[in-house]
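Structure file final.txt (compact mmCIF, N, CA and C atoms) is printed below.
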# COMPACT_ATOMS: atom_id res chain seq x y z
N MET M 130 -4.04 -2.45 -17.23
CA MET M 130 -2.89 -2.20 -16.39
C MET M 130 -2.68 -0.70 -16.16
N SER M 131 -2.99 0.13 -17.15
CA SER M 131 -2.80 1.57 -16.98
C SER M 131 -3.79 2.14 -15.99
N GLY M 132 -4.96 1.51 -15.83
CA GLY M 132 -5.92 1.97 -14.83
C GLY M 132 -5.38 1.82 -13.43
N ALA M 133 -4.70 0.71 -13.16
CA ALA M 133 -4.11 0.50 -11.84
C ALA M 133 -2.96 1.47 -11.61
N THR M 134 -2.20 1.76 -12.65
CA THR M 134 -1.08 2.69 -12.51
C THR M 134 -1.58 4.10 -12.21
N SER M 135 -2.62 4.55 -12.91
CA SER M 135 -3.13 5.89 -12.66
C SER M 135 -3.77 5.99 -11.28
N LYS M 136 -4.39 4.90 -10.83
CA LYS M 136 -4.95 4.90 -9.49
C LYS M 136 -3.84 5.05 -8.46
N SER M 137 -2.72 4.39 -8.67
CA SER M 137 -1.60 4.48 -7.76
C SER M 137 -1.03 5.90 -7.73
N LYS M 138 -0.99 6.55 -8.88
CA LYS M 138 -0.49 7.93 -8.93
C LYS M 138 -1.42 8.86 -8.18
N TRP M 139 -2.73 8.69 -8.33
CA TRP M 139 -3.68 9.54 -7.61
C TRP M 139 -3.64 9.26 -6.11
N THR M 140 -3.40 8.02 -5.74
CA THR M 140 -3.25 7.68 -4.33
C THR M 140 -2.02 8.38 -3.76
N LEU M 141 -0.93 8.37 -4.52
CA LEU M 141 0.29 9.05 -4.08
C LEU M 141 0.05 10.54 -3.92
N VAL M 142 -0.62 11.17 -4.87
CA VAL M 142 -0.90 12.60 -4.79
C VAL M 142 -1.75 12.91 -3.57
N LEU M 143 -2.77 12.10 -3.32
CA LEU M 143 -3.64 12.31 -2.17
C LEU M 143 -2.88 12.15 -0.86
N ILE M 144 -2.04 11.14 -0.77
CA ILE M 144 -1.25 10.93 0.45
C ILE M 144 -0.26 12.08 0.66
N LEU M 145 0.39 12.54 -0.42
CA LEU M 145 1.33 13.65 -0.30
C LEU M 145 0.64 14.94 0.12
N LEU M 146 -0.52 15.23 -0.47
CA LEU M 146 -1.26 16.43 -0.08
C LEU M 146 -1.70 16.35 1.37
N SER M 147 -2.12 15.16 1.80
CA SER M 147 -2.49 14.99 3.20
C SER M 147 -1.30 15.23 4.12
N GLY M 148 -0.13 14.73 3.72
CA GLY M 148 1.08 14.94 4.50
C GLY M 148 1.46 16.40 4.60
N ILE M 149 1.29 17.14 3.49
CA ILE M 149 1.61 18.57 3.49
C ILE M 149 0.66 19.33 4.42
N VAL M 150 -0.63 19.05 4.30
CA VAL M 150 -1.63 19.76 5.10
C VAL M 150 -1.47 19.43 6.58
N LEU M 151 -1.36 18.15 6.91
CA LEU M 151 -1.20 17.77 8.31
C LEU M 151 0.12 18.27 8.88
N GLY M 152 1.18 18.21 8.10
CA GLY M 152 2.47 18.74 8.55
C GLY M 152 2.42 20.23 8.81
N GLY M 153 1.76 20.98 7.93
CA GLY M 153 1.61 22.42 8.13
C GLY M 153 0.81 22.73 9.39
N PHE M 154 -0.26 21.95 9.61
CA PHE M 154 -1.08 22.14 10.81
C PHE M 154 -0.27 21.83 12.07
N ILE M 155 0.45 20.74 12.05
CA ILE M 155 1.28 20.37 13.21
C ILE M 155 2.38 21.41 13.43
N GLY M 156 2.94 21.95 12.35
CA GLY M 156 3.95 22.99 12.48
C GLY M 156 3.41 24.24 13.15
N LYS M 157 2.18 24.62 12.79
CA LYS M 157 1.57 25.79 13.44
C LYS M 157 1.30 25.52 14.91
N LEU M 158 0.83 24.32 15.22
CA LEU M 158 0.58 23.98 16.62
C LEU M 158 1.87 23.96 17.43
N CYS M 159 2.94 23.47 16.84
CA CYS M 159 4.21 23.35 17.55
C CYS M 159 4.94 24.68 17.70
N SER M 160 4.51 25.70 17.00
CA SER M 160 5.18 27.00 17.13
C SER M 160 5.00 27.58 18.53
N GLU M 161 3.98 27.14 19.25
CA GLU M 161 3.73 27.61 20.61
C GLU M 161 4.57 26.87 21.66
N VAL M 162 5.08 25.70 21.31
CA VAL M 162 5.86 24.89 22.23
C VAL M 162 7.34 25.20 22.00
N SER M 163 8.03 25.62 23.07
CA SER M 163 9.40 26.12 22.90
C SER M 163 10.36 25.07 22.33
N TRP M 164 10.30 23.83 22.78
CA TRP M 164 11.25 22.82 22.32
C TRP M 164 10.84 22.19 21.00
N LEU M 165 9.64 22.50 20.47
CA LEU M 165 9.21 22.01 19.16
C LEU M 165 9.05 23.13 18.14
N SER M 166 9.44 24.34 18.51
CA SER M 166 9.22 25.48 17.62
C SER M 166 10.02 25.37 16.31
N TRP M 167 11.07 24.54 16.30
CA TRP M 167 11.87 24.36 15.08
C TRP M 167 11.05 23.72 13.96
N LEU M 168 9.97 23.01 14.30
CA LEU M 168 9.11 22.41 13.27
C LEU M 168 8.35 23.46 12.46
N SER M 169 8.15 24.63 13.04
CA SER M 169 7.39 25.67 12.35
C SER M 169 8.27 26.58 11.50
N TYR M 170 9.59 26.36 11.52
CA TYR M 170 10.48 27.17 10.71
C TYR M 170 10.24 26.87 9.24
N GLY M 171 10.04 27.91 8.45
CA GLY M 171 9.77 27.68 7.04
C GLY M 171 9.85 28.95 6.22
N GLN M 172 9.35 28.85 5.01
CA GLN M 172 9.42 29.94 4.05
C GLN M 172 8.08 30.06 3.34
N THR M 173 7.69 31.30 3.05
CA THR M 173 6.49 31.58 2.28
C THR M 173 6.90 32.25 0.98
N PHE M 174 6.36 31.78 -0.13
CA PHE M 174 6.66 32.41 -1.41
C PHE M 174 5.42 32.38 -2.29
N GLY M 175 5.40 33.26 -3.25
CA GLY M 175 4.26 33.38 -4.16
C GLY M 175 4.05 34.83 -4.55
N LEU M 176 2.85 35.15 -4.95
CA LEU M 176 2.51 36.51 -5.33
C LEU M 176 2.25 37.36 -4.09
N GLU M 177 2.81 38.56 -4.05
CA GLU M 177 2.59 39.46 -2.91
C GLU M 177 1.14 39.90 -2.82
N GLY M 178 0.59 40.26 -3.95
CA GLY M 178 -0.81 40.67 -4.00
C GLY M 178 -1.50 39.96 -5.14
N PRO M 179 -2.82 39.97 -5.13
CA PRO M 179 -3.52 39.29 -6.22
C PRO M 179 -3.40 40.04 -7.55
N ILE M 180 -3.47 39.29 -8.64
CA ILE M 180 -3.50 39.87 -9.98
C ILE M 180 -4.97 39.93 -10.39
N ILE M 181 -5.45 41.11 -10.74
CA ILE M 181 -6.86 41.30 -11.08
C ILE M 181 -6.98 41.60 -12.57
N LEU M 182 -7.81 40.82 -13.24
CA LEU M 182 -8.08 41.00 -14.66
C LEU M 182 -9.54 41.41 -14.81
N ASN M 183 -9.76 42.67 -15.19
CA ASN M 183 -11.11 43.20 -15.33
C ASN M 183 -11.49 43.17 -16.80
N LEU M 184 -12.47 42.34 -17.15
CA LEU M 184 -12.92 42.20 -18.53
C LEU M 184 -14.26 42.90 -18.77
N GLY M 185 -14.62 43.81 -17.93
CA GLY M 185 -15.87 44.55 -18.10
C GLY M 185 -17.03 43.86 -17.38
N ILE M 186 -17.47 42.73 -17.91
CA ILE M 186 -18.58 42.03 -17.26
C ILE M 186 -18.09 40.89 -16.36
N LEU M 187 -16.79 40.62 -16.44
CA LEU M 187 -16.21 39.53 -15.65
C LEU M 187 -14.89 40.01 -15.06
N VAL M 188 -14.73 39.82 -13.76
CA VAL M 188 -13.49 40.18 -13.08
C VAL M 188 -12.88 38.91 -12.53
N LEU M 189 -11.64 38.64 -12.96
CA LEU M 189 -10.92 37.46 -12.49
C LEU M 189 -9.79 37.90 -11.57
N THR M 190 -9.65 37.20 -10.46
CA THR M 190 -8.59 37.48 -9.51
C THR M 190 -7.72 36.23 -9.37
N PHE M 191 -6.43 36.40 -9.59
CA PHE M 191 -5.48 35.30 -9.50
C PHE M 191 -4.51 35.57 -8.35
N GLY M 192 -4.17 34.53 -7.63
CA GLY M 192 -3.18 34.67 -6.57
C GLY M 192 -2.80 33.30 -6.03
N ILE M 193 -1.56 33.17 -5.65
CA ILE M 193 -1.10 31.93 -5.04
C ILE M 193 0.01 32.26 -4.05
N THR M 194 -0.06 31.62 -2.89
CA THR M 194 0.98 31.73 -1.89
C THR M 194 1.22 30.33 -1.33
N ILE M 195 2.45 29.93 -1.27
CA ILE M 195 2.81 28.62 -0.75
C ILE M 195 3.66 28.81 0.49
N THR M 196 3.24 28.16 1.57
CA THR M 196 4.01 28.20 2.81
C THR M 196 4.45 26.78 3.11
N ILE M 197 5.74 26.59 3.24
CA ILE M 197 6.26 25.26 3.55
C ILE M 197 7.15 25.39 4.79
N ASN M 198 6.99 24.42 5.70
CA ASN M 198 7.82 24.42 6.90
C ASN M 198 8.41 23.02 7.09
N ILE M 199 9.21 22.87 8.11
CA ILE M 199 9.89 21.59 8.33
C ILE M 199 8.89 20.48 8.60
N ALA M 200 7.81 20.77 9.32
CA ALA M 200 6.80 19.75 9.59
C ALA M 200 6.13 19.30 8.29
N SER M 201 5.94 20.20 7.33
CA SER M 201 5.36 19.82 6.04
C SER M 201 6.30 18.90 5.27
N ILE M 202 7.59 19.19 5.33
CA ILE M 202 8.57 18.33 4.66
C ILE M 202 8.58 16.95 5.30
N LEU M 203 8.50 16.90 6.64
CA LEU M 203 8.42 15.61 7.32
C LEU M 203 7.13 14.88 6.96
N GLY M 204 6.04 15.61 6.76
CA GLY M 204 4.78 15.01 6.33
C GLY M 204 4.89 14.41 4.94
N ILE M 205 5.60 15.07 4.05
CA ILE M 205 5.83 14.54 2.70
C ILE M 205 6.64 13.24 2.77
N VAL M 206 7.71 13.25 3.56
CA VAL M 206 8.54 12.06 3.70
C VAL M 206 7.73 10.91 4.30
N LEU M 207 6.94 11.20 5.32
CA LEU M 207 6.10 10.18 5.94
C LEU M 207 5.06 9.66 4.94
N GLY M 208 4.51 10.55 4.11
CA GLY M 208 3.56 10.14 3.09
C GLY M 208 4.18 9.19 2.08
N ILE M 209 5.41 9.48 1.67
CA ILE M 209 6.11 8.59 0.72
C ILE M 209 6.36 7.23 1.36
N ILE M 210 6.74 7.23 2.62
CA ILE M 210 6.97 5.95 3.32
C ILE M 210 5.67 5.15 3.41
N ILE M 211 4.57 5.81 3.75
CA ILE M 211 3.28 5.13 3.84
C ILE M 211 2.86 4.61 2.47
N TYR M 212 3.07 5.39 1.42
CA TYR M 212 2.72 4.96 0.08
C TYR M 212 3.48 3.71 -0.34
N LYS M 213 4.76 3.67 0.00
CA LYS M 213 5.58 2.51 -0.36
C LYS M 213 5.16 1.26 0.43
N LYS M 214 4.63 1.45 1.65
CA LYS M 214 4.17 0.32 2.46
C LYS M 214 2.86 -0.25 1.93
N LEU M 215 2.04 0.61 1.24
CA LEU M 215 0.78 0.12 0.69
C LEU M 215 1.08 -0.70 -0.48

Write out the structure in this file as structure tokens.
Amino acid sequence: MSGATSKSKWTLVLILLSGIVLGGFIGKLCSEVSWLSWLSYGQTFGLEGPIILNLGILVLTFGITITINIASILGIVLGIIIYKKL
């Protein structure tokens, strides 16, 4: 039974990530259309610049930036609805 539960959780994660990516893409496309430009309204947060860790023979660079817009939020909601229908 736990195998089916974990599969459902991974399905939910995959659907939510798809909703975020597709929503972000649609938001960027809609920024050019005057009456749909509200979909591209959003916020970007994260590290301003990368964090570099130089260990001599190995250099690691860390950085993360998250951009979320209204279309991404709608994609998440749509993903949850689709998941519940499955």

Checklist entry - Neighbours of Leu168 in chain M within 7 Å (all atoms listed in the file; same-chain residues fewer than 2 positions away dropped), as a ChimeraX atom specification? => result /M:155-157,159-160,164-166,170-171,198-201

Checklist entry - So which residues touch Gly175 in chain M within 8 Å, counting only N, CA and C atoms, skipping near sequence neighbours fewer than 5 positions away, as a PyMOL selection string? => result chain M and resi 192-196

Checklist entry - Please, what distance in Å, to one decimal, runs between atom N of Ile197 in chain M and atom N of Leu141 in chain M? => result 20.9 Å

Checklist entry - Tell me, which residues of range 132-211 of chain M carry DSSP alpha helix (DSSP H), written as a VMD selection string? => result chain M and resid 132 to 159 199 to 211

Item to check | Selected residue of minimal separation from Gly153 in chain M among M:Gly204, M:Leu215, M:Lys138, M:Gln172, counting only C-alpha atoms | outcome: M:Gly204

Next on the checklist: Please report the interatomic distance between atom N of Leu145 in chain M and CA of Ile209 in chain M in Å with one decimal.
Outcome noted: 7.0 Å

For all heavy atoms, please extract range 145-159 of chain M from the block and return it as a tab-separated table (two decimals), in the first residue's frame.
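What follows is the written file selection10.tsv:
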chain	number	residue	atom	x	y	z
M	145	LEU	N	2.51	19.19	-10.41
M	145	LEU	CA	2.70	20.55	-9.92
M	145	LEU	C	3.88	21.24	-10.61
M	145	LEU	O	3.78	22.42	-10.98
M	145	LEU	CB	2.90	20.55	-8.41
M	145	LEU	CG	1.67	20.22	-7.58
M	145	LEU	CD1	2.01	20.23	-6.09
M	145	LEU	CD2	0.54	21.19	-7.87
M	146	LEU	N	4.98	20.53	-10.79
M	146	LEU	CA	6.12	21.12	-11.49
M	146	LEU	C	5.77	21.46	-12.93
M	146	LEU	O	6.18	22.50	-13.46
M	146	LEU	CB	7.33	20.18	-11.43
M	146	LEU	CG	8.04	20.09	-10.09
M	146	LEU	CD1	9.15	19.05	-10.16
M	146	LEU	CD2	8.59	21.44	-9.69
M	147	SER	N	5.00	20.59	-13.57
M	147	SER	CA	4.55	20.87	-14.93
M	147	SER	C	3.67	22.12	-14.96
M	147	SER	O	3.80	22.96	-15.86
M	147	SER	CB	3.77	19.68	-15.50
M	147	SER	OG	4.59	18.55	-15.56
M	148	GLY	N	2.79	22.25	-13.98
M	148	GLY	CA	1.93	23.43	-13.91
M	148	GLY	C	2.72	24.71	-13.70
M	148	GLY	O	2.43	25.74	-14.29
M	149	ILE	N	3.77	24.64	-12.87
M	149	ILE	CA	4.61	25.81	-12.62
M	149	ILE	C	5.36	26.22	-13.89
M	149	ILE	O	5.38	27.39	-14.27
M	149	ILE	CB	5.60	25.53	-11.48
M	149	ILE	CG1	4.86	25.41	-10.15
M	149	ILE	CG2	6.66	26.62	-11.39
M	149	ILE	CD1	5.71	24.86	-9.02
M	150	VAL	N	5.95	25.24	-14.56
M	150	VAL	CA	6.73	25.53	-15.77
M	150	VAL	C	5.84	26.05	-16.89
M	150	VAL	O	6.14	27.07	-17.52
M	150	VAL	CB	7.52	24.28	-16.22
M	150	VAL	CG1	8.14	24.50	-17.58
M	150	VAL	CG2	8.59	23.94	-15.19
M	151	LEU	N	4.73	25.36	-17.14
M	151	LEU	CA	3.83	25.80	-18.21
M	151	LEU	C	3.19	27.15	-17.87
M	151	LEU	O	3.03	28.00	-18.76
M	151	LEU	CB	2.75	24.75	-18.46
M	151	LEU	CG	3.22	23.47	-19.14
M	151	LEU	CD1	2.09	22.46	-19.21
M	151	LEU	CD2	3.76	23.76	-20.52
M	152	GLY	N	2.84	27.36	-16.62
M	152	GLY	CA	2.29	28.65	-16.22
M	152	GLY	C	3.29	29.78	-16.39
M	152	GLY	O	2.94	30.87	-16.86
M	153	GLY	N	4.55	29.54	-16.03
M	153	GLY	CA	5.58	30.55	-16.23
M	153	GLY	C	5.80	30.87	-17.70
M	153	GLY	O	5.96	32.03	-18.09
M	154	PHE	N	5.78	29.83	-18.53
M	154	PHE	CA	5.93	30.02	-19.97
M	154	PHE	C	4.76	30.82	-20.54
M	154	PHE	O	4.95	31.76	-21.31
M	154	PHE	CB	6.05	28.65	-20.66
M	154	PHE	CG	6.20	28.73	-22.14
M	154	PHE	CD1	7.37	29.21	-22.70
M	154	PHE	CD2	5.18	28.30	-22.97
M	154	PHE	CE1	7.51	29.27	-24.07
M	154	PHE	CE2	5.31	28.36	-24.33
M	154	PHE	CZ	6.48	28.85	-24.90
M	155	ILE	N	3.55	30.46	-20.15
M	155	ILE	CA	2.37	31.18	-20.61
M	155	ILE	C	2.39	32.63	-20.11
M	155	ILE	O	2.02	33.56	-20.84
M	155	ILE	CB	1.09	30.45	-20.17
M	155	ILE	CG1	0.96	29.14	-20.95
M	155	ILE	CG2	-0.16	31.31	-20.35
M	155	ILE	CD1	-0.12	28.21	-20.46
M	156	GLY	N	2.85	32.84	-18.88
M	156	GLY	CA	2.96	34.20	-18.35
M	156	GLY	C	3.92	35.05	-19.16
M	156	GLY	O	3.65	36.22	-19.42
M	157	LYS	N	5.05	34.47	-19.57
M	157	LYS	CA	5.99	35.23	-20.41
M	157	LYS	C	5.39	35.53	-21.77
M	157	LYS	O	5.57	36.62	-22.30
M	157	LYS	CB	7.29	34.46	-20.58
M	157	LYS	CG	8.20	34.56	-19.40
M	157	LYS	CD	9.61	34.12	-19.79
M	157	LYS	CE	10.49	34.13	-18.58
M	157	LYS	NZ	11.20	35.37	-18.43
M	158	LEU	N	4.68	34.57	-22.35
M	158	LEU	CA	4.04	34.82	-23.64
M	158	LEU	C	2.96	35.89	-23.54
M	158	LEU	O	2.81	36.70	-24.46
M	158	LEU	CB	3.43	33.52	-24.18
M	158	LEU	CG	4.38	32.45	-24.68
M	158	LEU	CD1	3.60	31.22	-25.12
M	158	LEU	CD2	5.23	32.96	-25.83
M	159	CYS	N	2.23	35.89	-22.46
M	159	CYS	CA	1.12	36.83	-22.30
M	159	CYS	C	1.59	38.24	-21.94
M	159	CYS	O	0.80	39.17	-21.99
M	159	CYS	CB	0.15	36.33	-21.23
M	159	CYS	SG	-0.77	34.87	-21.75
